[in-house]
Amino acid sequence: MVDHSDNSDNEELENGLDLFTEPEGYFKPDKEPTFETHTLLSGETLQLRLVGQNPLWGHHLWNAGRVVSHYLEKNRDTLVKGRDVLELGAGAGLPALVCAVKGARRVGVGVGQVVVTDYPDIELVENLQYNVDHCDLLDKSTTSVQGYLWGRPTEDLCSFLGSKDSRFTLVILSDLLFNHSEHRGLIASVKQTLAKTPEAIAIVFFTPHRPWLYEQDIAFFDLAKEEGFTVEKILEHKMDAPMFEEDRGDVELRRTVYGYTLAWANT
C-alpha cells in the first residue's frame, strides 16, 4: 500500500489550507465593556462600567442593585452613616459606591471603610477598581476593592478596617441568592464579617429570576436562622418590567425585588 499522506499535506499547504489554523471568524471577539448610569435620589449621577461578558453575570446592572441603592440612600442616617460597609458579590459595585458617597465613616487615614468585593476574577476586580477610581463623588482613599471567594477566611477583608479582628456593621448582598449551592458559603462569610453588636445588620435584596426555584432562593433565610440570625422582611418593590422579558415563569415574581435584613439573634 502506498502512503499518500505526505503528498496530501503538501497539496493542502500549496492550496493555502492549514488543518491547524482555525478559519477566519471562528473565534468571536470579546464583547466590549458597557456603561450604565444610576441617578441618586439627590439628583447626582453615577456612571458604572460593566464587563463586556462574564459567566458570573457581572455584565448586568441588576434591578436589586438599583433598588437596594435607593433604599440605602433613603435611609442613609440609620443604615449608612457611621458604618463600616462590606459588599459581597458586588458586580459593578453600585450599592457600596452609594454608601461611600453617602457617608459611611472613615476609620483611619488611608484605611477604607467601604470594602467592595467580588469573585477573584481579574476582569471583575479590575472593573470594580475602575468604577471606584472614576467616581468623582467619593473619597478614593476610603474605598477598597478586593477579590474574595464566599466562605473563605475573611481576615484580609477585615484588615481594611485597621485590624483583622475588626468587623463590619453593614454587609450587603444584592441579587446573589440564585446561587443556591453557595448559600452556606455566603452565610459563613456574613458570620465572619458582621460585627456582634445590636446595630450591625446584613441587608439582602434579590429577585426570583427563575420563579420555579423561588423556594430554593428563600431557603437561604432558613439557613441564616439556623446559624444564629434573625430575619426580617423590609421591602417588596415592583419594577415596571422584569430584567429579561423573554424569560419564562411568573412575570410578577420576575419583576419584584424583595428586601430582607439579617441581625444577630443574641446581641
# chains A, B, ... in the order shown; residues from 1 in each chain; ligands from 1

call {"tool": "residues_around", "arguments": {"residues": "Ile203 in chain A", "least_positions_apart": "3", "cutoff": "6 Å", "atoms": "only C-alpha atoms", "output": "PDB file with C-alpha atoms, in the first residue's frame"}}
result
ATOM      1  CA  ILE A 172     -24.641  43.991  51.555  1.00  0.00           C
ATOM      2  CA  TYR A 260     -34.554  41.408  53.993  1.00  0.00           C
ATOM      3  CA  THR A 261     -32.214  42.062  56.892  1.00  0.00           C
TER       4      THR A 261
END

call {"tool": "residues_around", "arguments": {"residues": "Ser181 in chain A", "least_positions_apart": "2", "cutoff": "12 Å", "atoms": "only C-alpha atoms", "output": "VMD selection string"}}
result
chain A and resid 150 to 151 176 to 179 183 to 187 216 to 217 219 to 220

call {"tool": "residues_around", "arguments": {"residues": "Pro153 in chain A", "least_positions_apart": "2", "cutoff": "10 Å", "atoms": "only C-alpha atoms", "output": "number ranges by chain"}}
result
A: 148-151, 155-158, 188-189, 192-193

call {"tool": "write_last_selection", "arguments": {"atoms": "all heavy atoms", "output": "short mmCIF file (atom, residue, chain, number, x, y, z; two decimals), in the first residue's frame"}}
result
data_model
loop_
_atom_site.label_atom_id
_atom_site.label_comp_id
_atom_site.auth_asym_id
_atom_site.auth_seq_id
_atom_site.Cartn_x
_atom_site.Cartn_y
_atom_site.Cartn_z
N TYR A 148 -12.62 38.03 46.40
CA TYR A 148 -12.92 37.19 47.57
C TYR A 148 -13.86 36.06 47.19
O TYR A 148 -14.85 36.26 46.48
CB TYR A 148 -13.56 38.04 48.68
CG TYR A 148 -14.05 37.20 49.84
CD1 TYR A 148 -13.14 36.55 50.68
CD2 TYR A 148 -15.41 37.04 50.07
CE1 TYR A 148 -13.59 35.76 51.72
CE2 TYR A 148 -15.86 36.26 51.12
CZ TYR A 148 -14.95 35.61 51.95
OH TYR A 148 -15.38 34.82 52.97
N LEU A 149 -13.56 34.86 47.67
CA LEU A 149 -14.41 33.68 47.49
C LEU A 149 -15.27 33.50 48.73
O LEU A 149 -14.76 33.43 49.86
CB LEU A 149 -13.55 32.43 47.29
CG LEU A 149 -12.90 32.23 45.92
CD1 LEU A 149 -11.95 31.04 45.99
CD2 LEU A 149 -13.96 31.99 44.86
N TRP A 150 -16.58 33.40 48.53
CA TRP A 150 -17.50 33.24 49.65
C TRP A 150 -17.17 32.00 50.47
O TRP A 150 -16.87 30.94 49.94
CB TRP A 150 -18.93 33.14 49.14
CG TRP A 150 -19.36 34.30 48.31
CD1 TRP A 150 -18.88 35.58 48.38
CD2 TRP A 150 -20.33 34.29 47.27
NE1 TRP A 150 -19.52 36.37 47.44
CE2 TRP A 150 -20.41 35.60 46.75
CE3 TRP A 150 -21.16 33.30 46.73
CZ2 TRP A 150 -21.27 35.95 45.71
CZ3 TRP A 150 -22.03 33.64 45.70
CH2 TRP A 150 -22.08 34.95 45.20
N GLY A 151 -17.22 32.16 51.78
CA GLY A 151 -16.97 31.06 52.69
C GLY A 151 -15.52 30.92 53.12
O GLY A 151 -15.22 30.17 54.05
N GLU A 155 -9.96 37.45 57.07
CA GLU A 155 -9.01 38.35 57.74
C GLU A 155 -8.55 39.49 56.83
O GLU A 155 -8.42 40.64 57.27
CB GLU A 155 -7.79 37.58 58.26
CG GLU A 155 -8.06 36.71 59.47
CD GLU A 155 -8.59 35.34 59.10
OE1 GLU A 155 -8.87 35.11 57.90
OE2 GLU A 155 -8.72 34.49 60.00
N ASP A 156 -8.30 39.18 55.55
CA ASP A 156 -7.84 40.22 54.63
C ASP A 156 -8.89 41.31 54.45
O ASP A 156 -8.55 42.50 54.33
CB ASP A 156 -7.48 39.61 53.27
CG ASP A 156 -6.20 38.81 53.31
OD1 ASP A 156 -5.47 38.90 54.32
OD2 ASP A 156 -5.92 38.08 52.34
N LEU A 157 -10.16 40.92 54.42
CA LEU A 157 -11.22 41.91 54.28
C LEU A 157 -11.32 42.78 55.52
O LEU A 157 -11.42 44.00 55.44
CB LEU A 157 -12.57 41.22 54.02
CG LEU A 157 -12.66 40.28 52.82
CD1 LEU A 157 -14.08 39.73 52.69
CD2 LEU A 157 -12.25 40.99 51.54
N CYS A 158 -11.30 42.13 56.68
CA CYS A 158 -11.44 42.88 57.93
C CYS A 158 -10.23 43.77 58.18
O CYS A 158 -10.34 44.81 58.85
CB CYS A 158 -11.65 41.90 59.08
SG CYS A 158 -13.21 40.97 58.97
N ALA A 188 -21.57 31.84 55.80
CA ALA A 188 -20.30 31.75 56.52
C ALA A 188 -19.54 33.07 56.46
O ALA A 188 -18.95 33.51 57.45
CB ALA A 188 -19.46 30.61 55.96
N SER A 189 -19.56 33.71 55.29
CA SER A 189 -18.88 35.00 55.13
C SER A 189 -19.53 36.08 55.98
O SER A 189 -18.85 36.91 56.59
CB SER A 189 -18.86 35.42 53.66
OG SER A 189 -18.10 34.51 52.89
N GLN A 192 -18.57 35.63 59.59
CA GLN A 192 -17.19 36.01 59.89
C GLN A 192 -16.96 37.52 59.86
O GLN A 192 -16.00 38.01 60.46
CB GLN A 192 -16.25 35.37 58.87
CG GLN A 192 -16.14 33.86 58.97
CD GLN A 192 -15.18 33.32 57.92
OE1 GLN A 192 -13.97 33.43 58.05
NE2 GLN A 192 -15.73 32.76 56.86
N THR A 193 -17.82 38.26 59.15
CA THR A 193 -17.54 39.68 58.93
C THR A 193 -18.49 40.63 59.65
O THR A 193 -18.15 41.81 59.83
CB THR A 193 -17.59 40.01 57.43
OG1 THR A 193 -18.88 39.64 56.90
CG2 THR A 193 -16.50 39.28 56.67
#

call {"tool": "residues_around", "arguments": {"residues": "range 121-125 of chain A", "least_positions_apart": "4", "cutoff": "8 Å", "atoms": "only C-alpha atoms", "output": "JSON list (two decimals) with C-alpha atoms, in the first residue's frame"}}
result
[["chain", "number", "residue", "atom", "x", "y", "z"],
["A", 51, "VAL", "CA", -17.62, 43.97, 31.97],
["A", 58, "GLY", "CA", -21.14, 40.80, 36.16],
["A", 91, "GLY", "CA", -20.61, 43.16, 40.25],
["A", 117, "THR", "CA", -15.65, 42.50, 46.74],
["A", 129, "GLN", "CA", -11.45, 49.25, 40.75],
["A", 145, "VAL", "CA", -11.58, 46.67, 46.26],
["A", 146, "GLN", "CA", -10.72, 43.03, 46.88],
["A", 147, "GLY", "CA", -11.29, 39.67, 45.21]]

call {"tool": "closest_residue", "arguments": {"among": "A:Glu182, A:Glu126, A:Asp175, A:Glu73", "to": "Leu50 in chain A", "atoms": "only C-alpha atoms"}}
result
A:Glu126

call {"tool": "residues_around", "arguments": {"residues": "Ala96 in chain A", "least_positions_apart": "4", "cutoff": "12 Å", "atoms": "only C-alpha atoms", "output": "VMD selection string"}}
result
chain A and resid 46 65 to 66 68 to 70 72 to 73 80 83 to 92 100 to 104 112 to 118 128 131 to 132 135 138 142 to 145 170 to 174 203

call {"tool": "residues_around", "arguments": {"residues": "Asp240 in chain A", "least_positions_apart": "6", "cutoff": "10 Å", "atoms": "only C-alpha atoms", "output": "ChimeraX atom specification"}}
result
/A:252,255-256

call {"tool": "select_by_dssp", "arguments": {"residues": "range 93-224 of chain A", "states": "strand (DSSP E or B)", "output": "list in words"}}
result
Val114, Val115, Val116, Thr117, Asp118, Thr143, Ser144, Val145, Gln146, Gly147, Phe168, Leu170, Val171, Ile172, Leu173, Ser174, Leu194, Ile201, Ala202, Ile203, Val204, Phe205 and Phe206 of chain A

call {"tool": "closest_residue", "arguments": {"among": "A:His38, A:Arg49, A:Lys233, A:Lys140", "to": "Pro95 in chain A", "atoms": "only C-alpha atoms"}}
result
A:His38

call {"tool": "closest_residue", "arguments": {"among": "A:Arg152, A:Val98, A:Leu137, A:Ser42", "to": "Tyr119 in chain A", "atoms": "only C-alpha atoms"}}
result
A:Arg152
